[in-house]
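*Asks:* Here it is, the structure in full.
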Amino acid sequence: MRIRVVLGIAVLAASLAAAVATPASKTKVYFCGAVQQTTLLWPHGHKTLRSFHVPAAHTPNIQVYRYDPNFAGGNLLVYADAAGRVKRVKTYCSSGPSVPPSQITDPQTVKGKRAVSCSIRATQTFEITTTAKGVTVRGRVASRTLWIASMTRHGAAKITYDGSACELGPSP
């Protein structure tokens with residue numbers, strides 16, 4: 001009987017410790033005034049990007065820009081890295097509500113250092129979820145999911161996008 005009690009307490013203590021050690025995921029939602037956007041996946045970070053006006057980032061990250069084939073000027077909307085840092089440009093993006101994800105209509109998936117551009121006649125919202133393992137960014141219009149990009153702390157990068165609204169661009 002004592003062994004069962006001690007074993008039960010040990011199991012309870014271990015599960016509580018695991019719950020405390022594993023932080024819950026956090027989601028931030030930003031409504032941005034962009035009908036066209038480009039998502040860049042940087043699985044190994046990048047050096048200073050003068051044409052993008054972005055400093056060097058050594059952590060794997062995902063960046064969302066207002067569409068511009070040359071990435072000139074200050075078109076950055078959202079930055080999210082695998083360490084959990086999330087930044088938005090307040091001029092373009094405000095907080096918004098989260099909605100349940102929908103299936104992607106014509107799913108296309110690519111991995112690694114990539115660029116995907118989406119153009120749809122409505123402003124897009126970006127839902128950023130950070131966990132201990134990395135970051136996921138979902139681009140949507142209303143409840144329609146256009147794309148989902150994920151990045152792990154170890155640089156595993158993947159984006160699944162709607163081929164009817166988005167297209168693969170050259171690697172950044």
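Residues in the structure tokens are named by chain (A, B, ... in the order shown) and by number from 1 within that chain; ligands are numbered from 1 in the order shown.
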Write out as number ranges by chain all residues of segment 48-129 of chain A that DSSP puts in strand (DSSP E) for this structure's backbone.

*Replies:* A: 61-66, 76-81, 86-88, 93-95, 107-111, 115-119, 125-129

*Asks:* Generate a file of the selected residues that holds C-alpha atoms, formatted as a CSV table (one decimal), in the first residue's frame.

*Replies:*
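Contents of the output file out_19.csv:
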chain,number,residue,atom,x,y,z
A,61,ASN,CA,13.0,33.4,-38.5
A,62,ILE,CA,10.0,34.1,-40.7
A,63,GLN,CA,9.4,37.6,-42.1
A,64,VAL,CA,6.2,38.9,-43.8
A,65,TYR,CA,6.4,41.8,-46.1
A,66,ARG,CA,4.0,43.9,-48.1
A,76,LEU,CA,8.2,44.6,-43.3
A,77,LEU,CA,4.9,43.8,-41.6
A,78,VAL,CA,5.8,41.0,-39.1
A,79,TYR,CA,8.9,39.3,-37.8
A,80,ALA,CA,8.8,36.1,-35.8
A,81,ASP,CA,11.8,33.9,-34.8
A,86,VAL,CA,7.6,38.5,-32.4
A,87,LYS,CA,7.6,42.1,-33.8
A,88,ARG,CA,5.1,43.9,-35.9
A,93,CYS,CA,-0.6,46.1,-38.2
A,94,SER,CA,-3.0,46.2,-35.3
A,95,SER,CA,-4.1,43.4,-32.9
A,107,PRO,CA,-2.1,22.9,-50.7
A,108,GLN,CA,1.5,23.1,-51.9
A,109,THR,CA,4.4,22.5,-49.5
A,110,VAL,CA,8.0,23.6,-49.8
A,111,LYS,CA,10.9,23.4,-47.3
A,115,ALA,CA,9.8,33.0,-50.5
A,116,VAL,CA,6.0,32.7,-51.1
A,117,SER,CA,3.8,35.6,-52.3
A,118,CYS,CA,0.0,35.7,-51.9
A,119,SER,CA,-2.3,38.1,-53.6
A,125,THR,CA,-4.4,38.7,-40.9
A,126,PHE,CA,-1.4,36.9,-39.4
A,127,GLU,CA,-1.6,34.5,-36.4
A,128,ILE,CA,1.8,33.8,-34.8
A,129,THR,CA,2.1,30.9,-32.4

*Asks:* Would you mind listing what lies within 12 Å of Thr130 of chain A as a ChimeraX atom specification, with only C-alpha atoms counted and same-chain residues fewer than 2 positions away left out?

*Replies:* /A:23-29,61-62,80-86,127-128,132-138,149-153

*Asks:* Could you list, as a list of chain:residue names, every residue within 10 Å of Gln36 of chain A, counting only C-alpha atoms and ignoring same-chain residues fewer than 2 positions away?

*Replies:*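 Once the nearby chain positions are removed, what remains is A:Gly33, A:Ala34, A:Thr38, A:Tyr65, A:Arg66, A:Tyr67, A:Asp68, A:Ser117, A:Cys118, A:Ser119, A:Ile120, A:Arg121, A:Ala122, A:Thr123, A:Gln124, A:Ala165, A:Cys166.
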
*Asks:* Can I get the selection written as a tab-separated table (two decimals), in the first residue's frame, with all heavy atoms?

*Replies:*
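Wrote it out as selection11.tsv, contents follow:
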chain	number	residue	atom	x	y	z
A	33	GLY	N	-2.82	45.84	-43.06
A	33	GLY	CA	-3.43	46.41	-44.25
A	33	GLY	C	-2.71	46.04	-45.53
A	33	GLY	O	-2.27	46.90	-46.26
A	34	ALA	N	-2.59	44.74	-45.81
A	34	ALA	CA	-1.90	44.29	-47.02
A	34	ALA	C	-2.77	43.28	-47.75
A	34	ALA	O	-3.22	42.31	-47.17
A	34	ALA	CB	-0.57	43.65	-46.65
A	38	THR	N	4.46	38.90	-49.11
A	38	THR	CA	5.47	37.87	-49.35
A	38	THR	C	5.99	37.39	-48.01
A	38	THR	O	6.31	38.20	-47.14
A	38	THR	CB	6.63	38.42	-50.20
A	38	THR	OG1	6.11	38.86	-51.46
A	38	THR	CG2	7.69	37.35	-50.43
A	65	TYR	N	6.28	40.52	-45.54
A	65	TYR	CA	6.41	41.84	-46.13
A	65	TYR	C	5.18	42.17	-46.97
A	65	TYR	O	4.56	41.28	-47.54
A	65	TYR	CB	7.62	41.88	-47.08
A	65	TYR	CG	8.93	41.86	-46.38
A	65	TYR	CD1	9.52	40.65	-45.99
A	65	TYR	CD2	9.60	43.03	-46.10
A	65	TYR	CE1	10.74	40.63	-45.34
A	65	TYR	CE2	10.82	43.02	-45.45
A	65	TYR	CZ	11.38	41.82	-45.08
A	65	TYR	OH	12.58	41.80	-44.43
A	66	ARG	N	4.88	43.48	-47.06
A	66	ARG	CA	3.95	43.91	-48.09
A	66	ARG	C	4.64	43.57	-49.41
A	66	ARG	O	5.86	43.71	-49.54
A	66	ARG	CB	3.70	45.42	-48.02
A	66	ARG	CG	2.87	45.80	-46.85
A	66	ARG	CD	2.50	47.26	-46.85
A	66	ARG	NE	3.72	48.06	-46.86
A	66	ARG	CZ	3.80	49.33	-47.20
A	66	ARG	NH1	2.71	49.98	-47.55
A	66	ARG	NH2	4.93	49.98	-47.17
A	67	TYR	N	3.87	43.16	-50.39
A	67	TYR	CA	4.46	42.71	-51.64
A	67	TYR	C	5.23	43.83	-52.33
A	67	TYR	O	4.74	44.93	-52.52
A	67	TYR	CB	3.39	42.18	-52.59
A	67	TYR	CG	3.97	41.69	-53.89
A	67	TYR	CD1	4.61	40.47	-53.95
A	67	TYR	CD2	3.92	42.47	-55.04
A	67	TYR	CE1	5.17	40.01	-55.13
A	67	TYR	CE2	4.47	42.03	-56.22
A	67	TYR	CZ	5.10	40.80	-56.27
A	67	TYR	OH	5.67	40.36	-57.43
A	68	ASP	N	6.45	43.53	-52.69
A	68	ASP	CA	7.33	44.41	-53.46
A	68	ASP	C	8.39	43.51	-54.05
A	68	ASP	O	9.16	42.90	-53.30
A	68	ASP	CB	7.95	45.47	-52.55
A	68	ASP	CG	8.91	46.39	-53.29
A	68	ASP	OD1	9.22	46.14	-54.47
A	68	ASP	OD2	9.36	47.37	-52.67
A	117	SER	N	4.63	34.33	-52.20
A	117	SER	CA	3.82	35.56	-52.28
A	117	SER	C	2.36	35.20	-52.50
A	117	SER	O	2.05	34.30	-53.27
A	117	SER	CB	4.29	36.44	-53.44
A	117	SER	OG	5.61	36.88	-53.20
A	118	CYS	N	1.48	35.91	-51.80
A	118	CYS	CA	0.05	35.69	-51.92
A	118	CYS	C	-0.63	37.01	-52.27
A	118	CYS	O	-0.32	38.04	-51.70
A	118	CYS	CB	-0.54	35.16	-50.61
A	118	CYS	SG	0.17	33.59	-50.09
A	119	SER	N	-1.56	36.92	-53.19
A	119	SER	CA	-2.31	38.11	-53.60
A	119	SER	C	-3.79	37.75	-53.61
A	119	SER	O	-4.21	36.82	-54.29
A	119	SER	CB	-1.87	38.53	-55.00
A	119	SER	OG	-2.61	39.64	-55.43
A	120	ILE	N	-4.54	38.47	-52.83
A	120	ILE	CA	-5.98	38.24	-52.74
A	120	ILE	C	-6.62	39.60	-52.48
A	120	ILE	O	-6.01	40.47	-51.90
A	120	ILE	CB	-6.30	37.21	-51.63
A	120	ILE	CG1	-7.72	36.72	-51.75
A	120	ILE	CG2	-5.97	37.70	-50.28
A	120	ILE	CD1	-7.95	35.37	-51.12
A	121	ARG	N	-7.81	39.80	-52.90
A	121	ARG	CA	-8.44	41.13	-52.83
A	121	ARG	C	-9.07	41.44	-51.49
A	121	ARG	O	-10.17	41.95	-51.43
A	121	ARG	CB	-9.45	41.26	-53.95
A	121	ARG	CG	-8.80	41.19	-55.29
A	121	ARG	CD	-9.82	41.19	-56.39
A	121	ARG	NE	-9.14	40.88	-57.63
A	121	ARG	CZ	-9.29	41.54	-58.74
A	121	ARG	NH1	-10.13	42.54	-58.79
A	121	ARG	NH2	-8.63	41.20	-59.80
A	122	ALA	N	-8.36	41.13	-50.44
A	122	ALA	CA	-8.83	41.43	-49.08
A	122	ALA	C	-7.60	41.52	-48.19
A	122	ALA	O	-6.58	40.90	-48.48
A	122	ALA	CB	-9.78	40.35	-48.59
A	123	THR	N	-7.69	42.29	-47.12
A	123	THR	CA	-6.54	42.42	-46.24
A	123	THR	C	-6.34	41.15	-45.43
A	123	THR	O	-7.28	40.47	-45.06
A	123	THR	CB	-6.69	43.63	-45.30
A	123	THR	OG1	-7.93	43.53	-44.62
A	123	THR	CG2	-6.63	44.93	-46.07
A	124	GLN	N	-5.08	40.87	-45.17
A	124	GLN	CA	-4.71	39.63	-44.52
A	124	GLN	C	-4.44	39.81	-43.03
A	124	GLN	O	-4.06	40.88	-42.58
A	124	GLN	CB	-3.48	39.04	-45.20
A	124	GLN	CG	-3.77	38.68	-46.65
A	124	GLN	CD	-2.59	38.06	-47.34
A	124	GLN	OE1	-1.82	37.33	-46.74
A	124	GLN	NE2	-2.45	38.35	-48.62
A	165	ALA	N	-4.00	30.98	-54.69
A	165	ALA	CA	-3.87	32.39	-54.29
A	165	ALA	C	-2.42	32.81	-54.08
A	165	ALA	O	-2.14	33.99	-53.97
A	165	ALA	CB	-4.65	32.64	-53.02
A	166	CYS	N	-1.51	31.84	-54.01
A	166	CYS	CA	-0.11	32.13	-53.69
A	166	CYS	C	0.80	31.47	-54.71
A	166	CYS	O	0.41	30.51	-55.39
A	166	CYS	CB	0.25	31.59	-52.31
A	166	CYS	SG	-0.84	32.15	-50.99

*Asks:* To one decimal in Å, tell me the separation between atom CA of Gly139 of chain A and atom CA of Pro55 of chain A.

*Replies:*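 Separation of atom CA of Gly139 of chain A and atom CA of Pro55 of chain A: 23.9 Å.
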
*Asks:* From the options A:Arg114, A:Val141, A:Trp147, A:Ala156, which residue's atoms come nearest to Leu40 of chain A, counting only C-alpha atoms?

*Replies:* A:Arg114

*Asks:* Just the residues within 9 Å of Thr145 of chain A, please, counting only C-alpha atoms, with nothing from its chain fewer than 3 positions along; format it as a ChimeraX atom specification.

*Replies:* /A:101-105,138-142,148,161-162

*Asks:* Using Å and a single decimal, report how far atom CA of Pro60 of chain A sits from atom CA of Pro43 of chain A.

*Replies:* 4.5 Å
